[in-house]
Amino acid sequence: MTDAAALERQARSLDETDPLPTLRAEFLIPPAPGGRYEEAAYFAGNSLGLQPKATAARLAEELTDWSRLGVEGHTQARRPWVSYHELLTEPAARLVGARPHEVVAMNSLTVNLHLLMATFYRPAGERTRIVIEDSAFPSDSYAVASQAVHHGLDPDETVVRLRPRPGEDVLRTEDVVDYLRREGNRVAVLMLGGVNYLTGQLMDMATITRAGHEAGAVVGWDLAHAAGNVPLNLHDWDVDFAAWCTYKYLNSGPGAVAGAFVHERHVRDTSLPRLDGWWSTRADIRFRMDPDVDHPPTADAWALSNPPIMALAPVLVSLEIFDRVGMGALRFRSERLTGYLAERLAPVGGVEVITPDDPARRGTQLSLRVADAGGLVKALADEAGVIADAREPDVVRLAPVPLYCTFHDCHRAAEALAKLT
């Protein structure tokens with residue numbers, strides 16, 4: 001079976017017999033910018049997820065409550081605003097493998113990382129280093145460098161960037177562990193991406209967290225590309241802190257409210273330093289307007305401000321979808337879709353897949369090294385209605401998100417790449 005028509009029939013057959021059919025009908029799919037298909041084959045969900053159809057109606061409900069209740073909506077809305085963020089606590093905890101008192105929805109990803117590092121990055125003596133991966137998302141690089149400066153340290157000496165071996169594209173777990181065994185006495189915080197944004201590599205978070213703790217370091221994770229993508233078990237892995245955004249795989253809209261995790265052994269430690277705001281104090285005494293904060297024994301103690309209802313509503317819609325489907329089922333479908341796409345891309349000339357071959361070492365993403373990433377992404381959209389994204393100069397990322405991507409989408413992407421490379 002080699003001709004395009006037969007391959008297309010095969011892809012459609014896989015969709016028809018899929019044990020976990022796509023939830024595509026629950027999402028708004030952009031029209032195809034080019035080609036012979038009405039809808040786009042959307043592979044940019046690792047950058048911005050698609051809009052659930054239920055989101056607009058949920059936002060309309062909140063706007064209606066605001067219009068009819070005014071300030072009384074804080075206590076009388078169908079979902080009272082004063083405690084709205086608590087509606088997200090349990091589903092968010094299930095999503096990342098945490099206990100409800102360990103998670104909070106608040107702010108944006110980098111704001112949360114700064115708030116968490118204000119607590120957990122406490123350089124002292126020779127233990128001053130912050131360790132990240134060399135291909136960390138720029139925001140993480142900026143954040144840790146500024147944390148070093150905030151403590152009066154030189155970021156060039158303080159921030160350690162772990163690099164893959166020469167000729168390789170991804171970090172080996174054993175190399176991270178070896179560094180911690182050799183230099184761990186100098187490491188204050190280890191903070192890697194759970195799934196690397198550039199390569200799509202899924203890190204062995206359990207093993208690395210354990211090695212970090214054996215070295216005496218605090219271990220945090222940036223889960224921007226992991227939350228909603230791969231199963232997580234933050235509590236049992238003994239992770240100290242983590243943060244994630246919700247606009248990628250969690251489909252909550254551009255710049256959506258993010259999430260944070262703090263392990264229960266820390267949330268119960270009221271002596272920890274942190275940056276406080278009104279929402280950092282216990283809810284039952286908040287409206288006494290006391291001048292002194294009284295932290296609750298939950299991750300809410302890291303929150304600062306009252307919840308932005310119009311921004312949280314789409315996150316709640318998304319978490320309801322994930323609760324209904326389950327990360328186990330989504331991971332199963334993700335591995336099938338990503339594996340099929342990798343198989344179809346294998347014979348395509350001019351394309352090198354830099355994401356690990358092993359499904360256990362990757363999420364829902366294949367990163368391709370190509371000659372002209374920006375030009376190729378534009379051509380994919382204009383000529384085939386395939387939406388991907390480029391990381392200049394030479395990486396194209398394709399994310400077959402299991403909630404709304406199909407095997408036929410993968411077929412379209414493979415055919416278009418074969419034609420254009």
# chains A, B, ... in the order shown; residues from 1 in each chain; ligands from 1
call {"tool": "closest_atom_pairs", "arguments": {"of": "range 215-266 of chain A", "to": "range 131-155 of chain A", "cutoff": "10 Å", "atoms": "only C-alpha atoms", "output": "Markdown table"}}
result
| residue | atom | partner | partner_atom | distance |
| --- | --- | --- | --- | --- |
| A:Ala217 | CA | A:Val131 | CA | 9.9 |
| A:Val219 | CA | A:Val131 | CA | 9.6 |
| A:Trp221 | CA | A:Ile132 | CA | 9.7 |
| A:Asp222 | CA | A:Asp140 | CA | 8.3 |
| A:Ala224 | CA | A:Phe137 | CA | 9.6 |
call {"tool": "residues_around", "arguments": {"residues": "Asp175 in chain A", "least_positions_apart": "3", "cutoff": "10 Å", "atoms": "only C-alpha atoms", "output": "PDB file with C-alpha atoms, in the first residue's frame"}}
result
ATOM      1  CA  LEU A 162      22.814  21.107  30.954  1.00  0.00           C
ATOM      2  CA  ARG A 163      23.566  20.215  27.329  1.00  0.00           C
ATOM      3  CA  PRO A 164      23.079  17.000  25.362  1.00  0.00           C
ATOM      4  CA  ARG A 165      26.150  15.031  24.374  1.00  0.00           C
ATOM      5  CA  LEU A 171      19.459  15.185  27.414  1.00  0.00           C
ATOM      6  CA  ARG A 172      20.111  11.716  28.743  1.00  0.00           C
ATOM      7  CA  ASP A 178      25.689  12.097  36.961  1.00  0.00           C
ATOM      8  CA  TYR A 179      25.911  15.895  37.131  1.00  0.00           C
ATOM      9  CA  LEU A 180      23.910  15.900  40.360  1.00  0.00           C
ATOM     10  CA  ARG A 181      26.171  13.249  41.874  1.00  0.00           C
TER      11      ARG A 181
END
call {"tool": "atom_distance", "arguments": {"atom1": "CA of Thr355 in chain A", "atom2": "CA of Gly194 in chain A"}}
result
14.0 Å
call {"tool": "residues_around", "arguments": {"residues": "His411 in chain A", "least_positions_apart": "5", "cutoff": "10 Å", "atoms": "only C-alpha atoms", "output": "MDAnalysis selection string"}}
result
chainID A and resid 4 7:12 41 340:341 344:345 406 416:417
call {"tool": "closest_residue", "arguments": {"among": "A:His74, A:Arg333, A:His101, A:Arg412", "to": "Gly385 in chain A", "atoms": "only C-alpha atoms"}}
result
A:Arg412
call {"tool": "atom_distance", "arguments": {"atom1": "CA of Leu316 in chain A", "atom2": "CA of Leu202 in chain A"}}
result
25.9 Å
call {"tool": "decode", "arguments": {"residues": "range 393-407 of chain A", "atoms": "all heavy atoms", "output": "PDB file, in the first residue's frame"}}
result
ATOM      1  N   PRO A 393      16.210  28.302  13.703  1.00  0.00           N
ATOM      2  CA  PRO A 393      16.121  28.386  12.245  1.00  0.00           C
ATOM      3  C   PRO A 393      15.645  27.112  11.558  1.00  0.00           C
ATOM      4  O   PRO A 393      15.255  27.143  10.393  1.00  0.00           O
ATOM      5  CB  PRO A 393      17.580  28.645  11.860  1.00  0.00           C
ATOM      6  CG  PRO A 393      18.360  27.881  12.888  1.00  0.00           C
ATOM      7  CD  PRO A 393      17.584  28.020  14.167  1.00  0.00           C
ATOM      8  N   ASP A 394      15.623  25.976  12.282  1.00  0.00           N
ATOM      9  CA  ASP A 394      15.504  24.722  11.534  1.00  0.00           C
ATOM     10  C   ASP A 394      14.608  23.673  12.178  1.00  0.00           C
ATOM     11  O   ASP A 394      14.744  22.486  11.882  1.00  0.00           O
ATOM     12  CB  ASP A 394      16.896  24.121  11.300  1.00  0.00           C
ATOM     13  CG  ASP A 394      17.635  23.797  12.590  1.00  0.00           C
ATOM     14  OD1 ASP A 394      17.108  24.111  13.679  1.00  0.00           O
ATOM     15  OD2 ASP A 394      18.745  23.230  12.513  1.00  0.00           O
ATOM     16  N   VAL A 395      13.686  24.059  13.058  1.00  0.00           N
ATOM     17  CA  VAL A 395      12.817  23.073  13.697  1.00  0.00           C
ATOM     18  C   VAL A 395      11.349  23.403  13.421  1.00  0.00           C
ATOM     19  O   VAL A 395      10.905  24.534  13.641  1.00  0.00           O
ATOM     20  CB  VAL A 395      13.062  23.008  15.226  1.00  0.00           C
ATOM     21  CG1 VAL A 395      12.021  22.108  15.898  1.00  0.00           C
ATOM     22  CG2 VAL A 395      14.464  22.492  15.516  1.00  0.00           C
ATOM     23  N   VAL A 396      10.623  22.400  12.929  1.00  0.00           N
ATOM     24  CA  VAL A 396       9.167  22.464  12.786  1.00  0.00           C
ATOM     25  C   VAL A 396       8.569  21.499  13.798  1.00  0.00           C
ATOM     26  O   VAL A 396       9.020  20.350  13.915  1.00  0.00           O
ATOM     27  CB  VAL A 396       8.723  22.091  11.360  1.00  0.00           C
ATOM     28  CG1 VAL A 396       7.210  21.879  11.294  1.00  0.00           C
ATOM     29  CG2 VAL A 396       9.141  23.166  10.377  1.00  0.00           C
ATOM     30  N   ARG A 397       7.572  21.976  14.533  1.00  0.00           N
ATOM     31  CA  ARG A 397       6.938  21.147  15.555  1.00  0.00           C
ATOM     32  C   ARG A 397       5.527  20.772  15.112  1.00  0.00           C
ATOM     33  O   ARG A 397       4.748  21.622  14.679  1.00  0.00           O
ATOM     34  CB  ARG A 397       6.879  21.883  16.894  1.00  0.00           C
ATOM     35  CG  ARG A 397       8.242  22.386  17.393  1.00  0.00           C
ATOM     36  CD  ARG A 397       8.140  22.989  18.778  1.00  0.00           C
ATOM     37  NE  ARG A 397       7.142  24.050  18.841  1.00  0.00           N
ATOM     38  CZ  ARG A 397       6.684  24.592  19.974  1.00  0.00           C
ATOM     39  NH1 ARG A 397       7.132  24.137  21.137  1.00  0.00           N
ATOM     40  NH2 ARG A 397       5.800  25.553  19.960  1.00  0.00           N
ATOM     41  N   LEU A 398       5.212  19.483  15.243  1.00  0.00           N
ATOM     42  CA  LEU A 398       3.882  18.958  14.951  1.00  0.00           C
ATOM     43  C   LEU A 398       3.359  18.256  16.192  1.00  0.00           C
ATOM     44  O   LEU A 398       4.012  17.351  16.721  1.00  0.00           O
ATOM     45  CB  LEU A 398       3.925  17.956  13.799  1.00  0.00           C
ATOM     46  CG  LEU A 398       4.379  18.456  12.425  1.00  0.00           C
ATOM     47  CD1 LEU A 398       4.581  17.281  11.490  1.00  0.00           C
ATOM     48  CD2 LEU A 398       3.355  19.419  11.846  1.00  0.00           C
ATOM     49  N   ALA A 399       2.193  18.655  16.668  1.00  0.00           N
ATOM     50  CA  ALA A 399       1.598  18.050  17.864  1.00  0.00           C
ATOM     51  C   ALA A 399       0.241  17.448  17.507  1.00  0.00           C
ATOM     52  O   ALA A 399      -0.748  18.182  17.381  1.00  0.00           O
ATOM     53  CB  ALA A 399       1.445  19.085  18.971  1.00  0.00           C
ATOM     54  N   PRO A 400       0.161  16.132  17.334  1.00  0.00           N
ATOM     55  CA  PRO A 400      -1.137  15.485  17.059  1.00  0.00           C
ATOM     56  C   PRO A 400      -1.950  15.318  18.344  1.00  0.00           C
ATOM     57  O   PRO A 400      -2.035  14.234  18.916  1.00  0.00           O
ATOM     58  CB  PRO A 400      -0.737  14.141  16.448  1.00  0.00           C
ATOM     59  CG  PRO A 400       0.615  13.854  17.025  1.00  0.00           C
ATOM     60  CD  PRO A 400       1.281  15.180  17.268  1.00  0.00           C
ATOM     61  N   VAL A 401      -2.547  16.415  18.794  1.00  0.00           N
ATOM     62  CA  VAL A 401      -3.257  16.438  20.081  1.00  0.00           C
ATOM     63  C   VAL A 401      -4.425  15.454  20.042  1.00  0.00           C
ATOM     64  O   VAL A 401      -5.293  15.537  19.158  1.00  0.00           O
ATOM     65  CB  VAL A 401      -3.759  17.866  20.372  1.00  0.00           C
ATOM     66  CG1 VAL A 401      -4.586  17.887  21.644  1.00  0.00           C
ATOM     67  CG2 VAL A 401      -2.571  18.828  20.476  1.00  0.00           C
ATOM     68  N   PRO A 402      -4.491  14.523  20.994  1.00  0.00           N
ATOM     69  CA  PRO A 402      -5.492  13.450  20.894  1.00  0.00           C
ATOM     70  C   PRO A 402      -6.936  13.892  21.074  1.00  0.00           C
ATOM     71  O   PRO A 402      -7.849  13.177  20.663  1.00  0.00           O
ATOM     72  CB  PRO A 402      -5.071  12.483  22.002  1.00  0.00           C
ATOM     73  CG  PRO A 402      -4.287  13.312  22.967  1.00  0.00           C
ATOM     74  CD  PRO A 402      -3.587  14.330  22.135  1.00  0.00           C
ATOM     75  N   LEU A 403      -7.175  15.052  21.674  1.00  0.00           N
ATOM     76  CA  LEU A 403      -8.553  15.497  21.846  1.00  0.00           C
ATOM     77  C   LEU A 403      -9.218  15.853  20.525  1.00  0.00           C
ATOM     78  O   LEU A 403     -10.428  15.680  20.379  1.00  0.00           O
ATOM     79  CB  LEU A 403      -8.606  16.710  22.790  1.00  0.00           C
ATOM     80  CG  LEU A 403      -8.532  16.418  24.286  1.00  0.00           C
ATOM     81  CD1 LEU A 403      -8.404  17.719  25.061  1.00  0.00           C
ATOM     82  CD2 LEU A 403      -9.753  15.644  24.750  1.00  0.00           C
ATOM     83  N   TYR A 404      -8.457  16.370  19.565  1.00  0.00           N
ATOM     84  CA  TYR A 404      -9.109  16.825  18.332  1.00  0.00           C
ATOM     85  C   TYR A 404      -8.375  16.476  17.046  1.00  0.00           C
ATOM     86  O   TYR A 404      -8.912  16.705  15.968  1.00  0.00           O
ATOM     87  CB  TYR A 404      -9.354  18.346  18.378  1.00  0.00           C
ATOM     88  CG  TYR A 404      -8.180  19.185  18.807  1.00  0.00           C
ATOM     89  CD1 TYR A 404      -7.100  19.396  17.975  1.00  0.00           C
ATOM     90  CD2 TYR A 404      -8.170  19.790  20.070  1.00  0.00           C
ATOM     91  CE1 TYR A 404      -6.025  20.172  18.374  1.00  0.00           C
ATOM     92  CE2 TYR A 404      -7.102  20.580  20.477  1.00  0.00           C
ATOM     93  CZ  TYR A 404      -6.033  20.766  19.627  1.00  0.00           C
ATOM     94  OH  TYR A 404      -4.973  21.534  20.017  1.00  0.00           O
ATOM     95  N   CYS A 405      -7.176  15.950  17.112  1.00  0.00           N
ATOM     96  CA  CYS A 405      -6.489  15.539  15.888  1.00  0.00           C
ATOM     97  C   CYS A 405      -6.901  14.119  15.502  1.00  0.00           C
ATOM     98  O   CYS A 405      -7.312  13.317  16.340  1.00  0.00           O
ATOM     99  CB  CYS A 405      -4.977  15.610  16.062  1.00  0.00           C
ATOM    100  SG  CYS A 405      -4.324  17.289  16.098  1.00  0.00           S
ATOM    101  N   THR A 406      -6.759  13.812  14.230  1.00  0.00           N
ATOM    102  CA  THR A 406      -7.166  12.516  13.691  1.00  0.00           C
ATOM    103  C   THR A 406      -6.008  11.880  12.935  1.00  0.00           C
ATOM    104  O   THR A 406      -5.014  12.523  12.608  1.00  0.00           O
ATOM    105  CB  THR A 406      -8.352  12.677  12.733  1.00  0.00           C
ATOM    106  OG1 THR A 406      -7.916  13.437  11.580  1.00  0.00           O
ATOM    107  CG2 THR A 406      -9.524  13.381  13.397  1.00  0.00           C
ATOM    108  N   PHE A 407      -6.174  10.577  12.641  1.00  0.00           N
ATOM    109  CA  PHE A 407      -5.190   9.905  11.795  1.00  0.00           C
ATOM    110  C   PHE A 407      -5.177  10.531  10.404  1.00  0.00           C
ATOM    111  O   PHE A 407      -4.127  10.630   9.766  1.00  0.00           O
ATOM    112  CB  PHE A 407      -5.502   8.410  11.712  1.00  0.00           C
ATOM    113  CG  PHE A 407      -5.225   7.665  12.991  1.00  0.00           C
ATOM    114  CD1 PHE A 407      -6.236   7.412  13.902  1.00  0.00           C
ATOM    115  CD2 PHE A 407      -3.942   7.230  13.292  1.00  0.00           C
ATOM    116  CE1 PHE A 407      -5.986   6.737  15.081  1.00  0.00           C
ATOM    117  CE2 PHE A 407      -3.676   6.553  14.474  1.00  0.00           C
ATOM    118  CZ  PHE A 407      -4.702   6.309  15.370  1.00  0.00           C
TER     119      PHE A 407
END
